[in-house]
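Student: The structure's right below; bear with me while I get my questions together.
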Amino acid sequence: MQPLREDRPVTDDSSPRGPVDASRIPRYCGPETFARLPRLDEVQSAAVAVLGIPFDSGVSYRPGARFGPGHVRASSKLLRPYNPALDVSPFAVQQVADAGDLAVNPFDIEDALRTVEAEVSRLRGAGSKVLTLGGDHTLALPILRAVAKDHGPVAVLHFDAHLDTWDTYFGAPYTHGTPFRRASEEGLIDLHRSMHIGIRGPLYSEKDLTDDGVLGFQVIRSDDYENDGLDAVIERMRRRLGDGPVYVSVDIDVLDPAHAPGTGTPEAGGMTSRELLNTLRALVGVDVVGADVVEVAPPYDHAELTGIAAAHVAYELLSVLARNEAAAR
């Protein structure tokens with residue numbers, strides 16, 4: 001009988017271990033890891049660790065993103081090892097491994113933030129860049145705290161329908177709508193190189209945009225893709241990011257609900273998945289030092305639309321890291 005996974009011991013072989021071979025083991029079988037990659041404890045070290053953080057205690061509307069990491073992993077079984085759009089095999093260029101899910105306190109947000117910061121710092125200290133599967137957007141704050149320990153203030157490239165630079169919700173300073181205000185206040189963000197992409201929908205007041213500019217962000221609206229075109233958006237993005245480290249944060253609600261219904265705060269008029277994936281591919285050559293894909297809420301998903309979109313977002317980010325790694329050699 002064919003085994004349901006390819007059990008291979010940890011070895012000193014320097015060649016990266018990739019996904020389970022889909023020509024030998026059907027995609028609906030095998031390990032429950034991202035893209036059916038090895039677990040972190042099955043390899044000597046990893047250039048990139050995929051970390052799940054099942055946390056949604058910071059949401060202001062529909063809960064459910066705590067189930068996001070598992071949903072994205074399940075949807076990622078369809079991924080294949082070669083990315084023709086970027087002409088790279090992201091799992092062959094560098095070792096990518098699944099670091100599992102981090103258990104965080106669902107009742108104490110500040111305690112959860114400390115746990116996330118400590119674990120991301122630990123993984124980065126072991127030599128891994130971290131790609132986080134959320135979870136809600138509150139998680140971006142402790143991740144940026146960990147990243148800034150190594151790089152100082154970084155440019156934040158934030159894909160989202162919402163600014164996430166509000167001050168408080170119900171007097172609470174740590175929510176999924178406030179992480180980038182706190183990050184800016186703490187000096188974690190490069191005020192001259194950061195950008196939101198995909199913003200749309202109603203705001204509380206015009207002051208939201210004024211405050212956002214002071215906090216260090218420029219805005220590319222979702223409508224700009226229609227009005228100006230993809231190439232113009234990419235040119236603006238690359239010009240804004242310039243040189244230096246960049247952290248990429250992708251709230252899946254940047255996509256139109258037609259492409260990603262499974263999220264907590266959907267907004268009409270969003271980007272297509274094709275627009276998002278092509279924008280991410282344009283990050284080749286940018287010094288991406290970490291990334292997250294958050295706000296996938298499977299209770300509201302249909303036919304894995306959102307999970308599949310999020311899995312492909314993560315795959316493109318890994319492909320960008322691989323291209324950058326290959327160029328650096």
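We name chains A, B, ... following the order of the structure tokens; residues begin at 1 in each chain, and ligands are numbered from 1 as shown.
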I want to know what sits within 10 Å of Gly135 (chain A), based on only C-alpha atoms, with residues of the same chain fewer than 2 positions away left out; could you give that as a list in words?
Tutor: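 Selected residues are Gly52, Ile53, Pro54, Phe55, Asp56, Ser57, Gly58, Val59, Pro63, Gly64, Ala65, Arg66, Phe67, Gly68, Pro69, Thr132, Leu133, His137, Thr138, Leu139, Ala140, His176, Asp251, Asp292, Val293, Val294, Glu295, Val296 and Ala297 of chain A.
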Student: Hey, can you spit out that residue selection with C-alpha atoms as a PDB file, in the first residue's frame?
Tutor:
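Generated file (part01.pdb):
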ATOM      1  CA  GLY A  52       0.279  29.902  11.499  1.00  0.00           C
ATOM      2  CA  ILE A  53      -1.192  32.141  14.188  1.00  0.00           C
ATOM      3  CA  PRO A  54      -4.828  31.183  14.896  1.00  0.00           C
ATOM      4  CA  PHE A  55      -5.891  34.390  16.635  1.00  0.00           C
ATOM      5  CA  ASP A  56      -8.904  36.653  16.041  1.00  0.00           C
ATOM      6  CA  SER A  57      -9.540  38.319  19.386  1.00  0.00           C
ATOM      7  CA  GLY A  58      -8.857  41.717  17.818  1.00  0.00           C
ATOM      8  CA  VAL A  59     -11.690  41.683  15.271  1.00  0.00           C
ATOM      9  CA  PRO A  63     -14.942  36.467  13.957  1.00  0.00           C
ATOM     10  CA  GLY A  64     -13.509  33.308  12.432  1.00  0.00           C
ATOM     11  CA  ALA A  65      -9.977  34.186  11.300  1.00  0.00           C
ATOM     12  CA  ARG A  66      -8.601  31.976  14.075  1.00  0.00           C
ATOM     13  CA  PHE A  67      -9.429  29.112  11.725  1.00  0.00           C
ATOM     14  CA  GLY A  68      -7.607  30.782   8.836  1.00  0.00           C
ATOM     15  CA  PRO A  69      -4.200  29.049   9.008  1.00  0.00           C
ATOM     16  CA  THR A 132       2.698  34.355   8.728  1.00  0.00           C
ATOM     17  CA  LEU A 133      -0.731  32.877   8.066  1.00  0.00           C
ATOM     18  CA  HIS A 137      -4.497  41.925  11.417  1.00  0.00           C
ATOM     19  CA  THR A 138      -3.642  42.720  15.042  1.00  0.00           C
ATOM     20  CA  LEU A 139      -0.758  40.302  14.476  1.00  0.00           C
ATOM     21  CA  ALA A 140       1.116  42.735  12.230  1.00  0.00           C
ATOM     22  CA  HIS A 176      -7.168  44.613  13.917  1.00  0.00           C
ATOM     23  CA  ASP A 251      -5.310  41.449   4.387  1.00  0.00           C
ATOM     24  CA  ASP A 292       1.810  37.991   6.412  1.00  0.00           C
ATOM     25  CA  VAL A 293      -1.491  36.885   4.880  1.00  0.00           C
ATOM     26  CA  VAL A 294      -4.318  37.567   7.317  1.00  0.00           C
ATOM     27  CA  GLU A 295      -8.077  37.843   7.876  1.00  0.00           C
ATOM     28  CA  VAL A 296      -9.081  34.605   6.142  1.00  0.00           C
ATOM     29  CA  ALA A 297     -12.301  33.573   7.924  1.00  0.00           C
TER      30      ALA A 297
END
Student: Near Val288 (chain A), within 10 Å and counting only C-alpha atoms, which residues show up once chain neighbours fewer than 2 positions away are dropped, as a list in words?
Tutor: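 The residues satisfying every condition are Lys129, Val154, Ala155, Val156, Leu157, Gly244, Pro245, Val246, Tyr247, Val248, Leu283, Val284, Gly285, Val286, Gly290, Ala291, Leu317, Val320, Leu321 and Asn324 of chain A.
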Student: Would you output that residue set with N, CA and C atoms, as an mmCIF file, in the first residue's frame?
Tutor:
data_model
loop_
_atom_site.group_PDB
_atom_site.id
_atom_site.type_symbol
_atom_site.label_atom_id
_atom_site.label_comp_id
_atom_site.auth_asym_id
_atom_site.auth_seq_id
_atom_site.Cartn_x
_atom_site.Cartn_y
_atom_site.Cartn_z
ATOM 1 N N LYS A 129 13.400 33.867 7.526
ATOM 2 C CA LYS A 129 12.358 34.860 7.312
ATOM 3 C C LYS A 129 11.023 34.202 7.636
ATOM 4 N N VAL A 154 11.067 49.864 9.022
ATOM 5 C CA VAL A 154 10.973 49.264 7.696
ATOM 6 C C VAL A 154 9.803 49.877 6.943
ATOM 7 N N ALA A 155 9.891 49.852 5.621
ATOM 8 C CA ALA A 155 8.736 50.223 4.812
ATOM 9 C C ALA A 155 7.677 49.144 4.968
ATOM 10 N N VAL A 156 6.448 49.551 5.152
ATOM 11 C CA VAL A 156 5.333 48.622 5.210
ATOM 12 C C VAL A 156 4.523 48.763 3.933
ATOM 13 N N LEU A 157 4.411 47.668 3.190
ATOM 14 C CA LEU A 157 3.552 47.612 2.013
ATOM 15 C C LEU A 157 2.310 46.843 2.420
ATOM 16 N N GLY A 244 15.869 49.536 0.538
ATOM 17 C CA GLY A 244 15.771 49.262 1.956
ATOM 18 C C GLY A 244 14.756 48.177 2.248
ATOM 19 N N PRO A 245 14.713 47.722 3.507
ATOM 20 C CA PRO A 245 13.853 46.594 3.877
ATOM 21 C C PRO A 245 12.369 46.931 3.791
ATOM 22 N N VAL A 246 11.580 45.936 3.361
ATOM 23 C CA VAL A 246 10.137 46.089 3.194
ATOM 24 C C VAL A 246 9.439 44.916 3.858
ATOM 25 N N TYR A 247 8.415 45.226 4.635
ATOM 26 C CA TYR A 247 7.536 44.196 5.188
ATOM 27 C C TYR A 247 6.213 44.257 4.444
ATOM 28 N N VAL A 248 5.731 43.096 3.969
ATOM 29 C CA VAL A 248 4.510 43.025 3.173
ATOM 30 C C VAL A 248 3.394 42.416 4.019
ATOM 31 N N LEU A 283 7.406 42.639 -6.922
ATOM 32 C CA LEU A 283 8.303 42.867 -5.790
ATOM 33 C C LEU A 283 9.647 42.161 -5.959
ATOM 34 N N VAL A 284 9.834 41.455 -7.054
ATOM 35 C CA VAL A 284 11.150 40.867 -7.316
ATOM 36 C C VAL A 284 12.190 41.989 -7.337
ATOM 37 N N GLY A 285 13.260 41.813 -6.590
ATOM 38 C CA GLY A 285 14.301 42.828 -6.486
ATOM 39 C C GLY A 285 14.127 43.757 -5.302
ATOM 40 N N VAL A 286 12.956 43.719 -4.659
ATOM 41 C CA VAL A 286 12.712 44.511 -3.449
ATOM 42 C C VAL A 286 13.169 43.687 -2.243
ATOM 43 N N GLY A 290 9.928 40.031 5.366
ATOM 44 C CA GLY A 290 8.895 39.269 6.060
ATOM 45 C C GLY A 290 7.552 39.612 5.474
ATOM 46 N N ALA A 291 6.551 38.777 5.777
ATOM 47 C CA ALA A 291 5.238 39.007 5.201
ATOM 48 C C ALA A 291 4.175 38.271 6.003
ATOM 49 N N LEU A 317 4.472 35.291 -2.733
ATOM 50 C CA LEU A 317 5.434 35.906 -1.824
ATOM 51 C C LEU A 317 6.661 35.011 -1.653
ATOM 52 N N VAL A 320 8.767 35.344 -4.768
ATOM 53 C CA VAL A 320 9.554 36.576 -4.759
ATOM 54 C C VAL A 320 10.800 36.406 -3.893
ATOM 55 N N LEU A 321 10.627 35.828 -2.712
ATOM 56 C CA LEU A 321 11.779 35.595 -1.834
ATOM 57 C C LEU A 321 12.799 34.682 -2.510
ATOM 58 N N ASN A 324 14.668 36.584 -5.222
ATOM 59 C CA ASN A 324 15.632 37.504 -4.604
ATOM 60 C C ASN A 324 16.832 36.731 -4.046
#
Student: Near Gly213 (chain A), counting only C-alpha atoms, which residues have an atom at most 12 Å away, once you skip same-chain residues fewer than 5 positions from it, shown as an MDAnalysis selection string?
Tutor: chainID A and resid 163 165 180:181 184 191:196 206:208 218:219
Student: Mind checking DSSP for region 226-293 of chain A and telling me the strand (DSSP E or B) residues as a ChimeraX atom specification?
Tutor: /A:245-251,255,271,287-293
Student: Save the residues we just selected, C-alpha atoms, as a PDB file, in the first residue's frame?
Tutor:
ATOM      1  CA  PRO A 245      13.853  46.594   3.877  1.00  0.00           C
ATOM      2  CA  VAL A 246      10.137  46.089   3.194  1.00  0.00           C
ATOM      3  CA  TYR A 247       7.536  44.196   5.188  1.00  0.00           C
ATOM      4  CA  VAL A 248       4.510  43.025   3.173  1.00  0.00           C
ATOM      5  CA  SER A 249       1.153  42.673   4.917  1.00  0.00           C
ATOM      6  CA  VAL A 250      -1.805  41.271   2.962  1.00  0.00           C
ATOM      7  CA  ASP A 251      -5.310  41.449   4.387  1.00  0.00           C
ATOM      8  CA  LEU A 255      -9.814  41.406  -2.795  1.00  0.00           C
ATOM      9  CA  MET A 271      -9.213  44.136  -6.523  1.00  0.00           C
ATOM     10  CA  ASP A 287      14.290  43.646  -0.073  1.00  0.00           C
ATOM     11  CA  VAL A 288      11.302  41.810   1.406  1.00  0.00           C
ATOM     12  CA  VAL A 289      12.186  40.849   4.986  1.00  0.00           C
ATOM     13  CA  GLY A 290       8.895  39.269   6.060  1.00  0.00           C
ATOM     14  CA  ALA A 291       5.238  39.007   5.201  1.00  0.00           C
ATOM     15  CA  ASP A 292       1.810  37.991   6.412  1.00  0.00           C
ATOM     16  CA  VAL A 293      -1.491  36.885   4.880  1.00  0.00           C
TER      17      VAL A 293
END
Student: Extract the full set of helix (DSSP H, G or I) residues from region 16-164 of chain A according to DSSP on the backbone, and format it as a PyMOL selection string.
Tutor: chain A and resi 34-36+40-42+65-78+90-93+109-125+137-151
Student: Give me, as a list in words, all polymer residues having an atom no more than 9 Å from Arg221 (chain A), counting only C-alpha atoms and skipping those fewer than 3 positions away in the same chain.
Tutor: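 Final neighbour list, sorted by chain and number: Ala161, His196, Ile197, Gly198, Ile199, Arg200, Asp224 and Tyr225 of chain A.
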Student: Using only C-alpha atoms, which protein or nucleic acid residues come within 8 Å of region 23-40 of chain A? Drop anything in the same chain fewer than 2 positions from it, and give the result as a list in words.
Tutor: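 The residues satisfying every condition are Gln2, Pro3, Leu4, Arg5, Glu6, Arg17, Gly18, Pro19, Val20, Asp21, Glu42, Val43, Ser45, Ala46, Ala49, Val50, Val72, Arg73, Ala74, Ser76, Lys77, Leu78, Leu79, Arg80, Val96, Ala97, Asp98, Ala99 and Gly100 of chain A.
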Student: My list of candidates is A:Ala326, A:Val116, A:Leu141, A:Leu318. Which is closest to Glu186 (chain A) when distances are computed with only C-alpha atoms?
Tutor: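 Under the stated criterion, the closest residue is A:Leu141.
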Student: For Asp150 (chain A), work out the shell of residues within 10 Å, counting only C-alpha atoms and skipping chain neighbours fewer than 6 positions away, then give it as number ranges by chain.
Tutor: A: 121, 124-125, 289
Student: Keeping only all heavy atoms, write the selected residues as a short mmCIF file (atom, residue, chain, number, x, y, z; two decimals), in the first residue's frame.
Tutor:
data_model
loop_
_atom_site.label_atom_id
_atom_site.label_comp_id
_atom_site.auth_asym_id
_atom_site.auth_seq_id
_atom_site.Cartn_x
_atom_site.Cartn_y
_atom_site.Cartn_z
N SER A 121 10.64 36.51 16.74
CA SER A 121 12.04 36.83 17.04
C SER A 121 12.89 35.57 17.11
O SER A 121 14.03 35.54 16.63
CB SER A 121 12.14 37.60 18.36
OG SER A 121 11.51 38.85 18.28
N ARG A 124 13.37 34.21 13.53
CA ARG A 124 14.30 35.07 12.79
C ARG A 124 15.72 34.91 13.33
O ARG A 124 16.69 34.94 12.56
CB ARG A 124 13.84 36.52 12.88
CG ARG A 124 12.56 36.81 12.07
CD ARG A 124 12.13 38.26 12.23
NE ARG A 124 13.19 39.18 11.86
CZ ARG A 124 13.47 39.54 10.61
NH1 ARG A 124 12.75 39.06 9.61
NH2 ARG A 124 14.46 40.38 10.35
N GLY A 125 15.84 34.74 14.63
CA GLY A 125 17.15 34.53 15.22
C GLY A 125 17.81 33.24 14.76
O GLY A 125 19.04 33.12 14.75
N VAL A 289 11.60 41.48 3.80
CA VAL A 289 12.19 40.85 4.99
C VAL A 289 11.17 40.06 5.80
O VAL A 289 11.53 39.43 6.81
CB VAL A 289 12.85 41.92 5.89
CG1 VAL A 289 14.02 42.56 5.16
CG2 VAL A 289 11.85 42.97 6.34
#
Student: Which residue, A:Ala314, A:Pro153, A:Phe107, A:Asp41, has the smallest gap to Val130 (chain A) when you use only C-alpha atoms?
Tutor: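 Under the stated criterion, the closest residue is A:Ala314.
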Student: In Å, with one decimal, what is the gap from CA of Ala92 (chain A) to CA of Pro16 (chain A)?
Tutor: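 About the pair CA of Ala92 (chain A) and CA of Pro16 (chain A): they are 5.8 Å apart.
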Student: A:Ala282, A:Ile252, A:Ala103, A:Ala146: which is nearest Leu86 (chain A), counting only C-alpha atoms?
Tutor: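 Smallest distance to Leu86 (chain A) is found for A:Ala282.
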Student: When you count only C-alpha atoms, which of these residues is closest to Ala172 (chain A): A:Ser205, A:Ser60, A:Thr115, A:Ser15?
Tutor: A:Ser60
Student: Any idea what's packed within 7 Å of Ala268 (chain A), counting only C-alpha atoms, ignoring anything in its chain fewer than 2 positions away? Could you give it as a list in words?
Tutor: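 Non-adjacent residues within range: Asp256, Pro257, Pro266 and Gly270 of chain A.
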Student: Could you check which of A:Tyr315, A:Phe159, A:Tyr174, A:Trp166 is closest to Leu215 (chain A), using only C-alpha atoms?
Tutor: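 Nearest candidate to Leu215 (chain A) out of A:Tyr315, A:Phe159, A:Tyr174, A:Trp166: A:Trp166.
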Student: Please report the interatomic distance between CA of Ala328 (chain A) and CA of Arg122 (chain A) in Å with one decimal.
Tutor: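 Separation of CA of Ala328 (chain A) and CA of Arg122 (chain A): 24.1 Å.
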Student: Given the choices A:Asp231, A:Glu119, A:Asp253, A:Asp301, which gets closest to Asn278 (chain A) if the distance is worked out from only C-alpha atoms?
Tutor: A:Asp231
